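Visitor: Here it is: the structure, laid out below.
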Amino acid sequence: MEIEEIRYDGAQPVDGYGPGFFRVGGQVLAGAVIVTARAARVWSGPEDAEALVALSGEVDVIVYGSGAAMTALPVTLIRAVEAAGMGLEPMPSPAACRSYNVLLAEGRRVALAALPV
């Protein structure tokens, strides 16, 4: 069996996370985050649907991390993201970080919007 190293071709994967923070490309971000292949930034959370809608044209799907456990998404957030032509995949934040990294390594047009654990 051959093992290949994962390559992100300049994109920044999620390096780690912990109580109240995410580490992306070596940079620690406190609180909720939005991460794309080009940038990572702090996000005010699911009440800020406009920040996710602004990703339209750059990404096809947003992996949504709901924190330590799976929780329901606000209907207004779902409707806004879908109306902008993107998919929204909810899951707990640890799974969302892993899924984002895999999709990013595959060269997919993906973003991560995640609440801290």
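To be explicit about the labels: the chains of the structure tokens are called A, B, and onward in the order shown, and within each one the residues are counted from 1, while ligands get numbers from 1 in the order they are shown.
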For range 2-8 of chain A, work out the shell of residues within 12 Å, counting only C-alpha atoms and skipping chain neighbours fewer than 5 positions away, then give it as number ranges by chain.
Guide: A: 13-14, 25, 36-38, 100-108
Visitor: Produce a file of the selected residues containing N, CA and C atoms, as a PDB file, in the first residue's frame.
Guide:
ATOM      1  N   PRO A  13      -5.635  24.575   5.340  1.00  0.00           N
ATOM      2  CA  PRO A  13      -6.535  23.670   6.040  1.00  0.00           C
ATOM      3  C   PRO A  13      -6.685  24.070   7.508  1.00  0.00           C
ATOM      4  N   VAL A  14      -7.650  23.456   8.168  1.00  0.00           N
ATOM      5  CA  VAL A  14      -7.792  23.632   9.609  1.00  0.00           C
ATOM      6  C   VAL A  14      -6.744  22.738  10.260  1.00  0.00           C
ATOM      7  N   GLY A  25      -3.869  27.392   9.214  1.00  0.00           N
ATOM      8  CA  GLY A  25      -2.601  27.844   8.650  1.00  0.00           C
ATOM      9  C   GLY A  25      -1.662  28.393   9.707  1.00  0.00           C
ATOM     10  N   THR A  36     -12.060  29.620   3.990  1.00  0.00           N
ATOM     11  CA  THR A  36     -12.095  29.237   2.582  1.00  0.00           C
ATOM     12  C   THR A  36     -10.676  28.892   2.170  1.00  0.00           C
ATOM     13  N   ALA A  37     -10.512  28.477   0.946  1.00  0.00           N
ATOM     14  CA  ALA A  37      -9.178  28.139   0.453  1.00  0.00           C
ATOM     15  C   ALA A  37      -8.239  29.340   0.513  1.00  0.00           C
ATOM     16  N   ARG A  38      -8.794  30.550   0.435  1.00  0.00           N
ATOM     17  CA  ARG A  38      -7.962  31.755   0.390  1.00  0.00           C
ATOM     18  C   ARG A  38      -7.815  32.498   1.701  1.00  0.00           C
ATOM     19  N   TYR A 100     -14.104  19.441   5.824  1.00  0.00           N
ATOM     20  CA  TYR A 100     -13.583  20.591   5.083  1.00  0.00           C
ATOM     21  C   TYR A 100     -12.183  20.284   4.547  1.00  0.00           C
ATOM     22  N   ASN A 101     -11.305  19.748   5.399  1.00  0.00           N
ATOM     23  CA  ASN A 101      -9.932  19.458   4.975  1.00  0.00           C
ATOM     24  C   ASN A 101      -9.891  18.439   3.843  1.00  0.00           C
ATOM     25  N   VAL A 102     -10.724  17.406   3.916  1.00  0.00           N
ATOM     26  CA  VAL A 102     -10.754  16.389   2.855  1.00  0.00           C
ATOM     27  C   VAL A 102     -11.232  17.009   1.547  1.00  0.00           C
ATOM     28  N   LEU A 103     -12.324  17.758   1.603  1.00  0.00           N
ATOM     29  CA  LEU A 103     -12.849  18.390   0.388  1.00  0.00           C
ATOM     30  C   LEU A 103     -11.870  19.410  -0.183  1.00  0.00           C
ATOM     31  N   LEU A 104     -11.198  20.134   0.680  1.00  0.00           N
ATOM     32  CA  LEU A 104     -10.194  21.106   0.243  1.00  0.00           C
ATOM     33  C   LEU A 104      -9.046  20.398  -0.477  1.00  0.00           C
ATOM     34  N   ALA A 105      -8.589  19.274   0.086  1.00  0.00           N
ATOM     35  CA  ALA A 105      -7.499  18.507  -0.534  1.00  0.00           C
ATOM     36  C   ALA A 105      -7.906  17.946  -1.891  1.00  0.00           C
ATOM     37  N   GLU A 106      -9.200  17.697  -2.079  1.00  0.00           N
ATOM     38  CA  GLU A 106      -9.705  17.213  -3.361  1.00  0.00           C
ATOM     39  C   GLU A 106      -9.874  18.333  -4.380  1.00  0.00           C
ATOM     40  N   GLY A 107      -9.615  19.573  -3.961  1.00  0.00           N
ATOM     41  CA  GLY A 107      -9.735  20.703  -4.870  1.00  0.00           C
ATOM     42  C   GLY A 107     -11.158  21.207  -5.025  1.00  0.00           C
ATOM     43  N   ARG A 108     -12.036  20.842  -4.105  1.00  0.00           N
ATOM     44  CA  ARG A 108     -13.429  21.269  -4.174  1.00  0.00           C
ATOM     45  C   ARG A 108     -13.581  22.729  -3.780  1.00  0.00           C
TER      46      ARG A 108
END
Visitor: Give me the residues within 8 Å of range 74-84 of chain A as a PyMOL selection string, counting only C-alpha atoms and dropping any in the same chain fewer than 2 places off.
Guide: chain A and resi 46-47+49-50+52-53+56+72+86-88
Visitor: Write out as a PyMOL selection string all residues of range 17-113 of chain A that DSSP puts in alpha helix (DSSP H) for this structure's backbone.
Guide: chain A and resi 49-53+75-83+93-105
Visitor: For the residues selected in the previous step, produce a file with C-alpha atoms as a PDB file, in the first residue's frame.
Guide:
ATOM      1  CA  ALA A  49     -26.134  34.846   7.082  1.00  0.00           C
ATOM      2  CA  GLU A  50     -24.832  37.666   4.863  1.00  0.00           C
ATOM      3  CA  ALA A  51     -21.232  36.611   5.493  1.00  0.00           C
ATOM      4  CA  LEU A  52     -22.051  33.178   4.090  1.00  0.00           C
ATOM      5  CA  VAL A  53     -24.140  34.521   1.202  1.00  0.00           C
ATOM      6  CA  VAL A  75     -34.259  28.264   8.932  1.00  0.00           C
ATOM      7  CA  THR A  76     -33.363  31.807   7.838  1.00  0.00           C
ATOM      8  CA  LEU A  77     -29.707  30.753   7.455  1.00  0.00           C
ATOM      9  CA  ILE A  78     -30.603  27.679   5.402  1.00  0.00           C
ATOM     10  CA  ARG A  79     -32.906  29.654   3.117  1.00  0.00           C
ATOM     11  CA  ALA A  80     -30.384  32.457   2.573  1.00  0.00           C
ATOM     12  CA  VAL A  81     -27.520  30.113   1.689  1.00  0.00           C
ATOM     13  CA  GLU A  82     -29.649  27.937  -0.601  1.00  0.00           C
ATOM     14  CA  ALA A  83     -31.123  31.018  -2.323  1.00  0.00           C
ATOM     15  CA  SER A  93     -17.531  21.099  14.400  1.00  0.00           C
ATOM     16  CA  PRO A  94     -14.908  18.324  14.773  1.00  0.00           C
ATOM     17  CA  ALA A  95     -16.462  16.410  11.846  1.00  0.00           C
ATOM     18  CA  ALA A  96     -16.902  19.658   9.897  1.00  0.00           C
ATOM     19  CA  CYS A  97     -13.186  20.478  10.207  1.00  0.00           C
ATOM     20  CA  ARG A  98     -12.209  17.011   8.982  1.00  0.00           C
ATOM     21  CA  SER A  99     -14.719  17.114   6.118  1.00  0.00           C
ATOM     22  CA  TYR A 100     -13.583  20.591   5.083  1.00  0.00           C
ATOM     23  CA  ASN A 101      -9.932  19.458   4.975  1.00  0.00           C
ATOM     24  CA  VAL A 102     -10.754  16.389   2.855  1.00  0.00           C
ATOM     25  CA  LEU A 103     -12.849  18.390   0.388  1.00  0.00           C
ATOM     26  CA  LEU A 104     -10.194  21.106   0.243  1.00  0.00           C
ATOM     27  CA  ALA A 105      -7.499  18.507  -0.534  1.00  0.00           C
TER      28      ALA A 105
END
Visitor: Between CA of Ala54 in chain A and CA of Ala11 in chain A, measure the distance and give it in Å to one decimal.
Guide: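 Between CA of Ala54 in chain A and CA of Ala11 in chain A the gap is 19.0 Å.
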Visitor: Find the spatial neighbours of range 15-24 of chain A, counting only C-alpha atoms, within a cut-off of 10 Å - ignore same-chain residues fewer than 5 positions away - and output them as a list in words.
Guide: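 Near neighbours after the sequence-gap exclusion: Leu29, Ala30, Gly31, Ala32, Val33, Val35, Ala39, Ala40, Arg41, Val42, Gly67, Ala68, Ser93, Pro94, Cys97, Arg98, Asn101, Ala114, Leu115, Pro116 and Val117 of chain A.
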